[in-house]
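*Asks:* Next comes work03.cif, mmCIF, C-alpha atoms and all ligand atoms:
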```cif
data_protein
loop_
_atom_site.label_atom_id
_atom_site.label_comp_id
_atom_site.auth_asym_id
_atom_site.auth_seq_id
_atom_site.Cartn_x
_atom_site.Cartn_y
_atom_site.Cartn_z
CA MET A 23 0.00 0.00 0.00
CA LYS A 24 1.15 3.55 -0.79
CA LYS A 25 2.90 5.20 2.17
CA ILE A 26 2.29 8.86 2.92
CA THR A 27 3.57 11.55 5.28
CA ILE A 28 1.12 12.93 7.82
CA ALA A 29 1.85 16.30 9.46
CA LEU A 30 -0.12 17.18 12.58
CA ASP A 31 0.36 20.72 13.82
CA GLY A 32 -1.47 22.91 16.27
CA PHE A 33 -1.48 24.71 19.59
CA SER A 34 -0.24 23.00 22.74
CA SER A 35 -2.55 20.49 24.43
CA THR A 36 -4.89 20.08 21.49
CA GLY A 37 -4.50 16.32 21.76
CA LYS A 38 -2.13 16.06 18.80
CA SER A 39 -0.04 13.29 20.28
CA THR A 40 -3.00 11.13 21.30
CA ILE A 41 -4.39 11.27 17.76
CA ALA A 42 -0.99 10.90 16.13
CA LYS A 43 -0.01 7.86 18.21
CA ARG A 44 -3.24 6.05 17.41
CA LEU A 45 -3.10 6.99 13.74
CA ALA A 46 0.45 5.63 13.50
CA LYS A 47 -0.57 2.41 15.25
CA GLU A 48 -3.57 1.78 12.98
CA LEU A 49 -1.59 2.51 9.83
CA GLY A 50 1.59 0.74 10.94
CA TYR A 51 3.48 4.03 10.62
CA ILE A 52 6.28 5.55 12.70
CA TYR A 53 5.15 8.21 15.17
CA VAL A 54 7.41 11.13 16.04
CA ASP A 55 6.62 13.64 18.80
CA THR A 56 8.80 16.63 17.87
CA GLY A 57 7.75 18.53 21.02
CA ALA A 58 9.61 15.84 23.00
CA MET A 59 12.79 16.76 21.13
CA TYR A 60 12.47 20.47 21.98
CA ARG A 61 11.68 19.47 25.55
CA ALA A 62 14.76 17.24 25.79
CA VAL A 63 17.06 20.05 24.58
CA THR A 64 15.38 22.31 27.15
CA LEU A 65 15.93 19.80 29.95
CA PHE A 66 19.60 19.52 29.00
CA SER A 67 19.93 23.32 29.06
CA MET A 68 18.13 23.59 32.41
CA ARG A 69 20.37 20.95 33.98
CA ASN A 70 23.41 22.89 32.82
CA GLY A 71 22.02 26.13 34.22
CA TYR A 72 21.69 27.81 30.82
CA VAL A 73 17.98 28.45 31.05
CA SER A 74 15.77 29.38 33.99
CA ASP A 75 13.04 31.90 34.85
CA GLU A 76 15.75 34.54 35.14
CA LYS A 77 17.89 33.92 32.07
CA THR A 78 18.41 32.22 28.72
CA GLU A 79 22.08 31.83 27.75
CA VAL A 80 21.65 31.38 24.02
CA ASN A 81 25.38 31.13 23.21
CA ALA A 82 25.96 28.42 25.80
CA ILE A 83 22.97 26.45 24.53
CA VAL A 84 24.18 26.67 20.93
CA LYS A 85 27.74 25.68 21.89
CA THR A 86 26.62 22.54 23.69
CA LEU A 87 24.23 21.38 20.95
CA PRO A 88 26.82 18.94 19.52
CA TYR A 89 26.83 17.14 22.89
CA ILE A 90 23.12 16.43 22.76
CA ARG A 91 22.13 13.05 21.36
CA LEU A 92 18.44 12.40 20.97
CA LYS A 93 16.89 9.02 20.36
CA PHE A 94 13.40 7.53 20.41
CA VAL A 95 13.23 4.01 21.82
CA PHE A 96 10.05 2.03 21.33
CA ASN A 97 8.55 0.75 24.59
CA GLU A 98 6.55 -2.42 23.90
CA ASN A 99 4.50 -2.09 27.10
CA LEU A 100 3.48 1.49 26.48
CA GLY A 101 3.04 1.05 22.74
CA PHE A 102 5.01 4.17 21.83
CA ALA A 103 8.58 5.43 21.65
CA GLU A 104 10.13 7.18 24.63
CA MET A 105 12.57 10.06 24.48
CA TYR A 106 16.21 9.40 25.38
CA LEU A 107 18.67 12.20 26.04
CA ASN A 108 22.28 11.00 25.84
CA ASP A 109 21.09 7.44 26.54
CA GLU A 110 18.97 8.40 29.54
CA ASN A 111 15.22 7.88 29.46
CA VAL A 112 13.81 11.37 30.10
CA GLU A 113 10.24 10.67 29.01
CA HIS A 114 8.80 11.58 32.42
CA GLU A 115 11.04 14.54 33.23
CA ILE A 116 10.47 16.38 29.93
CA ARG A 117 6.70 16.54 30.60
CA THR A 118 6.91 18.45 33.90
CA ILE A 119 5.55 21.99 34.21
CA GLU A 120 9.11 23.21 34.94
CA VAL A 121 10.22 22.13 31.46
CA SER A 122 6.97 23.40 29.89
CA ASN A 123 7.67 26.82 31.38
CA GLN A 124 11.09 27.09 29.67
CA VAL A 125 10.64 25.23 26.40
CA SER A 126 9.32 28.07 24.22
CA LYS A 127 12.49 30.09 24.89
CA VAL A 128 14.74 27.26 23.76
CA ALA A 129 12.51 26.47 20.76
CA GLN A 130 13.04 30.03 19.51
CA ILE A 131 16.77 29.56 18.98
CA PRO A 132 17.47 29.17 15.23
CA GLU A 133 20.37 26.71 15.72
CA VAL A 134 18.23 24.49 17.93
CA ARG A 135 15.48 24.44 15.32
CA GLN A 136 17.93 23.73 12.52
CA LYS A 137 19.41 20.74 14.33
CA LEU A 138 16.03 19.26 15.18
CA VAL A 139 14.46 19.92 11.78
CA ASP A 140 17.40 18.13 10.09
CA ILE A 141 16.89 15.07 12.31
CA GLN A 142 13.13 15.15 11.66
CA LYS A 143 13.56 15.32 7.88
CA GLU A 144 15.90 12.34 8.01
CA MET A 145 13.39 10.33 10.08
CA GLY A 146 10.68 10.95 7.49
CA LYS A 147 12.63 10.38 4.32
CA ASN A 148 11.00 6.99 3.63
CA LYS A 149 7.46 8.25 4.41
CA GLY A 150 5.09 6.07 6.46
CA ILE A 151 5.34 8.61 9.28
CA VAL A 152 3.01 10.62 11.49
CA MET A 153 4.80 13.61 12.97
CA ASP A 154 3.30 16.11 15.36
CA GLY A 155 4.56 19.57 16.26
CA ARG A 156 4.20 23.20 15.27
CA ASP A 157 6.06 23.53 11.96
CA ILE A 158 5.71 20.08 10.43
CA GLY A 159 3.38 21.05 7.57
CA THR A 160 5.14 24.36 6.95
CA VAL A 161 8.87 23.64 7.41
CA VAL A 162 9.72 19.99 8.05
CA PHE A 163 7.45 18.35 5.45
CA PRO A 164 5.97 21.06 3.22
CA ASP A 165 5.12 18.28 0.73
CA ALA A 166 3.26 16.07 3.22
CA GLU A 167 0.26 14.40 1.59
CA LEU A 168 -1.95 15.05 4.63
CA LYS A 169 -1.66 18.12 6.85
CA LEU A 170 -3.89 18.73 9.83
CA PHE A 171 -4.02 21.76 12.08
CA LEU A 172 -5.64 21.08 15.45
CA THR A 173 -7.22 23.84 17.51
CA ALA A 174 -9.33 24.12 20.67
CA SER A 175 -10.06 26.95 23.09
CA PRO A 176 -7.29 27.78 25.62
CA GLU A 177 -9.62 26.83 28.50
CA THR A 178 -10.43 23.42 27.01
CA ARG A 179 -6.74 22.77 26.46
CA ALA A 180 -5.72 23.95 29.95
CA ASN A 181 -8.37 21.70 31.46
CA ARG A 182 -7.06 18.65 29.60
CA ARG A 183 -3.46 19.43 30.53
CA TYR A 184 -4.36 20.12 34.18
CA LYS A 185 -6.09 16.73 34.48
CA GLU A 186 -3.12 14.99 32.87
CA LEU A 187 -0.62 16.60 35.27
CA VAL A 188 -2.75 15.94 38.36
CA ASP A 189 -3.19 12.30 37.29
CA LYS A 190 0.59 12.05 37.15
CA GLY A 191 0.77 13.37 40.72
CA GLU A 192 2.11 16.84 39.91
CA LYS A 193 1.15 19.69 42.22
CA VAL A 194 -0.12 22.43 39.94
CA SER A 195 -3.08 24.80 39.89
CA TYR A 196 -5.47 25.20 36.97
CA ALA A 197 -4.56 28.92 36.83
CA GLU A 198 -0.86 28.08 36.41
CA VAL A 199 -1.59 25.61 33.63
CA LEU A 200 -3.89 28.07 31.82
CA LYS A 201 -1.20 30.75 32.04
CA ASN A 202 1.40 28.34 30.64
CA VAL A 203 -0.90 27.43 27.73
CA GLN A 204 -1.56 31.11 26.94
CA ASP A 205 2.09 32.14 27.28
CA ARG A 206 3.24 29.31 25.03
CA ASP A 207 0.55 30.11 22.42
CA LEU A 208 1.82 33.65 22.28
CA MET A 209 5.53 32.78 22.15
CA ASP A 210 5.08 29.90 19.70
CA SER A 211 2.99 31.93 17.27
CA THR A 212 4.98 35.16 17.39
CA ARG A 213 8.57 33.88 17.29
CA GLU A 214 10.62 34.94 14.30
CA ILE A 215 11.51 31.62 12.79
CA SER A 216 9.01 28.90 12.02
CA PRO A 217 6.20 30.41 14.06
CA LEU A 218 3.20 28.22 14.68
CA LYS A 219 0.92 28.87 11.77
CA GLN A 220 -1.47 26.86 9.72
CA ALA A 221 -0.09 25.68 6.37
CA GLU A 222 -2.24 26.89 3.49
CA ASP A 223 -3.10 23.37 2.46
CA ALA A 224 -3.77 22.09 5.99
CA ILE A 225 -7.20 20.97 7.17
CA GLU A 226 -8.22 22.94 10.27
CA PHE A 227 -9.74 20.79 12.95
CA ASP A 228 -11.35 22.34 16.05
CA ASN A 229 -11.86 19.62 18.63
CA SER A 230 -13.13 21.72 21.57
CA ASP A 231 -16.45 19.86 21.56
CA MET A 232 -15.43 16.57 20.08
CA GLY A 233 -14.74 13.26 21.80
CA LEU A 234 -11.62 11.27 21.04
CA GLU A 235 -13.41 8.54 19.09
CA GLU A 236 -15.11 10.97 16.73
CA GLN A 237 -11.88 12.89 16.16
CA PHE A 238 -9.98 9.74 15.44
CA GLU A 239 -12.60 8.36 13.02
CA ARG A 240 -12.63 11.58 11.01
CA ILE A 241 -8.88 11.96 10.85
CA TYR A 242 -8.37 8.29 10.05
CA ASN A 243 -10.77 8.69 7.13
CA PHE A 244 -8.85 11.72 5.84
CA ALA A 245 -5.74 9.54 5.87
CA LEU A 246 -7.40 6.61 4.11
CA ARG A 247 -8.63 8.90 1.37
CA LYS A 248 -5.06 10.04 0.73
CA ILE A 249 -3.66 6.53 0.84
CA LYS A 250 -6.36 4.95 -1.36
CA PRO A 251 -7.79 7.79 -3.41
O1 LIG B 1 4.02 19.68 21.67
P1 LIG B 1 4.66 20.13 22.99
O2 LIG B 1 3.75 20.97 23.85
O3 LIG B 1 5.26 18.99 23.75
O4 LIG B 1 5.87 21.07 22.54
C1 LIG B 1 6.70 21.70 23.46
C2 LIG B 1 7.18 23.03 22.94
O5 LIG B 1 8.10 22.84 21.86
C3 LIG B 1 6.10 23.97 22.43
O6 LIG B 1 5.81 24.98 23.37
C4 LIG B 1 6.67 24.57 21.18
C5 LIG B 1 7.88 23.77 20.84
N1 LIG B 1 7.79 23.06 19.57
C6 LIG B 1 8.19 23.73 18.43
O7 LIG B 1 8.56 24.89 18.51
N2 LIG B 1 8.20 23.09 17.23
C7 LIG B 1 7.79 21.82 17.13
N3 LIG B 1 7.81 21.21 15.94
C8 LIG B 1 7.34 21.13 18.28
C9 LIG B 1 7.34 21.79 19.49
#
```
Would you mind giving the structure from this file in structure tokens?
*Replies:*
Amino acid sequence: MKKITIALDGFSSTGKSTIAKRLAKELGYIYVDTGAMYRAVTLFSMRNGYVSDEKTEVNAIVKTLPYIRLKFVFNENLGFAEMYLNDENVEHEIRTIEVSNQVSKVAQIPEVRQKLVDIQKEMGKNKGIVMDGRDIGTVVFPDAELKLFLTASPETRANRRYKELVDKGEKVSYAEVLKNVQDRDLMDSTREISPLKQAEDAIEFDNSDMGLEEQFERIYNFALRKIKP
């Protein structure tokens, strides 16, 4: 069967990864969470003291980029690939609110984006891939056969994220999560390079009032139509 490239972009906490993971599983495709890569570089920079609430040492971050090795390792039990930073499994640590609060600053650095975009292009060169992020349909795979742009209201997204974090045992308030969602929206969509924006040929998909099953069915059908026109 013909293999295609599927680009899933959109604001944070729109459920991109849930949809993308399932889509990849059903189609037998590779799934790549590019946000995890930006988060891993951020974690590395935080651990080295290059980025915090007070500062962002861009030069130091750029200089140490060659020492960052990123790898996805498939976990059979979980059914998806986990993020490894220099051979350490950082899947849990990269999802904390502390990393979420710093990641947009690191994701703005052109050299960081260049490094990660190069890796992403390489991962998708044989197609058969579902990649989620912010610039997949615009920068990484401008020729993707299927591009989706997911949206939902900031409150809906903050609610989903808040529940996820509380379920994982993190101590956060809804107000803090909403502020993080709004701050990241603003930074991600106004940064100079590769800002979050909908590709002209992307299908916009607002899932504020849509259950997971319905979303999946619709998106899966979009994919099937591209695979078997
Ligand atoms: O999808 P996420 O929330 O895990 O992404 C974390 C951050 O990384 C997000 O605030 C923006 C950035 N990002 C990006 O700039 N480009 C991508 N392709 C993916 C994520």
*Asks:* How big is the axis-aligned box around the listed atoms of ligand LIG 1 (chain B) once 5 Å is added on each side, and where is its centre? Give both in Å to one decimal, as AutoDock Vina command-line options.
*Replies:*
```
--center_x 6.2 --center_y 22.0 --center_z 19.9 --size_x 14.8 --size_y 16.0 --size_z 17.9
```
*Asks:* Could you check how far CA of Pro176 in chain A sits from CA of Lys47 in chain A, in Å to one decimal?
*Replies:* 28.2 Å
*Asks:* For range 204-219 of chain A, list every protein, DNA or RNA residue within 10 Å, evaluated using all atoms listed in the file, and leave out those in the same chain fewer than 6 positions away; present the list as an NGL selection string.
*Replies:* :A and (31-34 or 122-127 or 129-132 or 135 or 155-162 or 171 or 176-177 or 179-180 or 198)
*Asks:* Select, from A:Phe102, A:Glu133, A:Arg61, A:Leu138, the residue with the minimum atom-to-atom distance to Ile116 in chain A, counting only C-alpha atoms.
*Replies:* A:Arg61
*Asks:* Suppose you want the space between CA of Val73 in chain A and CA of Ser175 in chain A; what is it in Å?
*Replies:*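 Going from CA of Val73 in chain A over to CA of Ser175 in chain A, I get 29.2 Å.
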*Asks:* Counting only C-alpha atoms, note down every residue that has an atom within 6 Å of the point (11.9, 17.4, 13.5) (file coordinates), as a list of chain:residue names.
*Replies:*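 Residues with an atom close enough to that point: A:Thr56, A:Leu138, A:Val139, A:Ile141, A:Gln142.
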*Asks:* To one decimal in Å, tell me the separation between CA of Ser67 in chain A and CA of Val199 in chain A.
*Replies:*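 Interatomic distance, CA of Ser67 in chain A to CA of Val199 in chain A: 22.1 Å.
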*Asks:* My list of candidates is A:Leu45, A:Ala221, A:Met145, A:Met68. Which is closest to Ile83 in chain A when distances are computed with only C-alpha atoms?
*Replies:* A:Met68
*Asks:* Identify which of the residues A:Leu168, A:Leu234, A:Ala29, A:Ile119 lies closest to Leu200 in chain A, counting only C-alpha atoms when measuring atom-to-atom distances.
*Replies:*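 Result for the nearest residue to Leu200 in chain A: A:Ile119.
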*Asks:* Neighbouring residues of Arg117 in chain A were defined as those with any atom within 9 Å, considering all atoms listed in the file; residues of the same chain fewer than 4 positions away were excluded. Please report them as a ChimeraX atom specification.
*Replies:* /A:58,61,112-113,121-122,187
*Asks:* Which one is closest to Gly233 in chain A: A:Ile41, A:Val188, A:Leu107, A:Ile249? Count all atoms listed in the file.
*Replies:* A:Ile41
*Asks:* Which one of A:Glu98, A:Asp189, A:Glu167, A:Glu115 sits closest to Lys24 in chain A if you count all atoms listed in the file?
*Replies:*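 Selected residue with least distance to Lys24 in chain A: A:Glu167.
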*Asks:* From the set A:Ala103, A:Ile28, A:Thr78, A:Asn108, which residue has the shortest atom-to-atom contact distance to Ile90 in chain A, counting only C-alpha atoms?
*Replies:* A:Asn108
*Asks:* N, CA and C atoms are needed for range 37-64 of chain A; please write them out as an mmCIF file, in the frame of the given file.
*Replies:*
```cif
data_model
loop_
_atom_site.group_PDB
_atom_site.id
_atom_site.type_symbol
_atom_site.label_atom_id
_atom_site.label_comp_id
_atom_site.auth_asym_id
_atom_site.auth_seq_id
_atom_site.Cartn_x
_atom_site.Cartn_y
_atom_site.Cartn_z
ATOM 1 N N GLY A 37 -4.323 17.768 21.904
ATOM 2 C CA GLY A 37 -4.500 16.320 21.760
ATOM 3 C C GLY A 37 -3.811 15.759 20.527
ATOM 4 N N LYS A 38 -2.846 16.508 20.004
ATOM 5 C CA LYS A 38 -2.130 16.060 18.800
ATOM 6 C C LYS A 38 -1.490 14.682 18.988
ATOM 7 N N SER A 39 -0.809 14.528 20.134
ATOM 8 C CA SER A 39 -0.040 13.290 20.280
ATOM 9 C C SER A 39 -0.950 12.079 20.453
ATOM 10 N N THR A 40 -2.075 12.254 21.121
ATOM 11 C CA THR A 40 -3.000 11.130 21.300
ATOM 12 C C THR A 40 -3.493 10.647 19.939
ATOM 13 N N ILE A 41 -3.896 11.597 19.105
ATOM 14 C CA ILE A 41 -4.390 11.270 17.760
ATOM 15 C C ILE A 41 -3.258 10.680 16.912
ATOM 16 N N ALA A 42 -2.103 11.328 16.972
ATOM 17 C CA ALA A 42 -0.990 10.900 16.130
ATOM 18 C C ALA A 42 -0.518 9.490 16.468
ATOM 19 N N LYS A 43 -0.447 9.190 17.766
ATOM 20 C CA LYS A 43 -0.010 7.860 18.210
ATOM 21 C C LYS A 43 -0.951 6.791 17.683
ATOM 22 N N ARG A 44 -2.252 7.051 17.814
ATOM 23 C CA ARG A 44 -3.240 6.050 17.410
ATOM 24 C C ARG A 44 -3.246 5.874 15.888
ATOM 25 N N LEU A 45 -3.125 7.009 15.206
ATOM 26 C CA LEU A 45 -3.100 6.990 13.740
ATOM 27 C C LEU A 45 -1.915 6.135 13.262
ATOM 28 N N ALA A 46 -0.763 6.363 13.883
ATOM 29 C CA ALA A 46 0.450 5.630 13.500
ATOM 30 C C ALA A 46 0.254 4.131 13.764
ATOM 31 N N LYS A 47 -0.361 3.816 14.890
ATOM 32 C CA LYS A 47 -0.570 2.410 15.250
ATOM 33 C C LYS A 47 -1.483 1.728 14.229
ATOM 34 N N GLU A 48 -2.607 2.380 13.917
ATOM 35 C CA GLU A 48 -3.570 1.780 12.980
ATOM 36 C C GLU A 48 -2.978 1.603 11.591
ATOM 37 N N LEU A 49 -2.138 2.558 11.190
ATOM 38 C CA LEU A 49 -1.590 2.510 9.830
ATOM 39 C C LEU A 49 -0.276 1.739 9.750
ATOM 40 N N GLY A 50 0.276 1.396 10.912
ATOM 41 C CA GLY A 50 1.590 0.740 10.940
ATOM 42 C C GLY A 50 2.697 1.719 10.561
ATOM 43 N N TYR A 51 2.511 2.989 10.927
ATOM 44 C CA TYR A 51 3.480 4.030 10.620
ATOM 45 C C TYR A 51 4.339 4.338 11.845
ATOM 46 N N ILE A 52 5.433 5.069 11.606
ATOM 47 C CA ILE A 52 6.280 5.550 12.700
ATOM 48 C C ILE A 52 5.635 6.820 13.253
ATOM 49 N N TYR A 53 5.669 6.979 14.572
ATOM 50 C CA TYR A 53 5.150 8.210 15.170
ATOM 51 C C TYR A 53 6.305 9.008 15.768
ATOM 52 N N VAL A 54 6.360 10.287 15.459
ATOM 53 C CA VAL A 54 7.410 11.130 16.040
ATOM 54 C C VAL A 54 6.793 12.372 16.704
ATOM 55 N N ASP A 55 7.094 12.507 18.002
ATOM 56 C CA ASP A 55 6.620 13.640 18.800
ATOM 57 C C ASP A 55 7.758 14.675 18.820
ATOM 58 N N THR A 56 7.670 15.687 17.963
ATOM 59 C CA THR A 56 8.800 16.630 17.870
ATOM 60 C C THR A 56 8.876 17.539 19.106
ATOM 61 N N GLY A 57 7.743 17.730 19.788
ATOM 62 C CA GLY A 57 7.750 18.530 21.020
ATOM 63 C C GLY A 57 8.696 17.892 22.037
ATOM 64 N N ALA A 58 8.731 16.554 22.059
ATOM 65 C CA ALA A 58 9.610 15.840 23.000
ATOM 66 C C ALA A 58 11.066 16.187 22.736
ATOM 67 N N MET A 59 11.399 16.425 21.478
ATOM 68 C CA MET A 59 12.790 16.760 21.130
ATOM 69 C C MET A 59 13.138 18.148 21.654
ATOM 70 N N TYR A 60 12.229 19.120 21.456
ATOM 71 C CA TYR A 60 12.470 20.470 21.980
ATOM 72 C C TYR A 60 12.523 20.446 23.508
ATOM 73 N N ARG A 61 11.688 19.587 24.088
ATOM 74 C CA ARG A 61 11.680 19.470 25.550
ATOM 75 C C ARG A 61 12.988 18.864 26.066
ATOM 76 N N ALA A 62 13.524 17.888 25.347
ATOM 77 C CA ALA A 62 14.760 17.240 25.790
ATOM 78 C C ALA A 62 15.942 18.231 25.728
ATOM 79 N N VAL A 63 15.991 19.046 24.669
ATOM 80 C CA VAL A 63 17.060 20.050 24.580
ATOM 81 C C VAL A 63 16.900 21.061 25.729
ATOM 82 N N THR A 64 15.651 21.375 26.051
ATOM 83 C CA THR A 64 15.380 22.310 27.150
ATOM 84 C C THR A 64 15.839 21.725 28.482
#
```
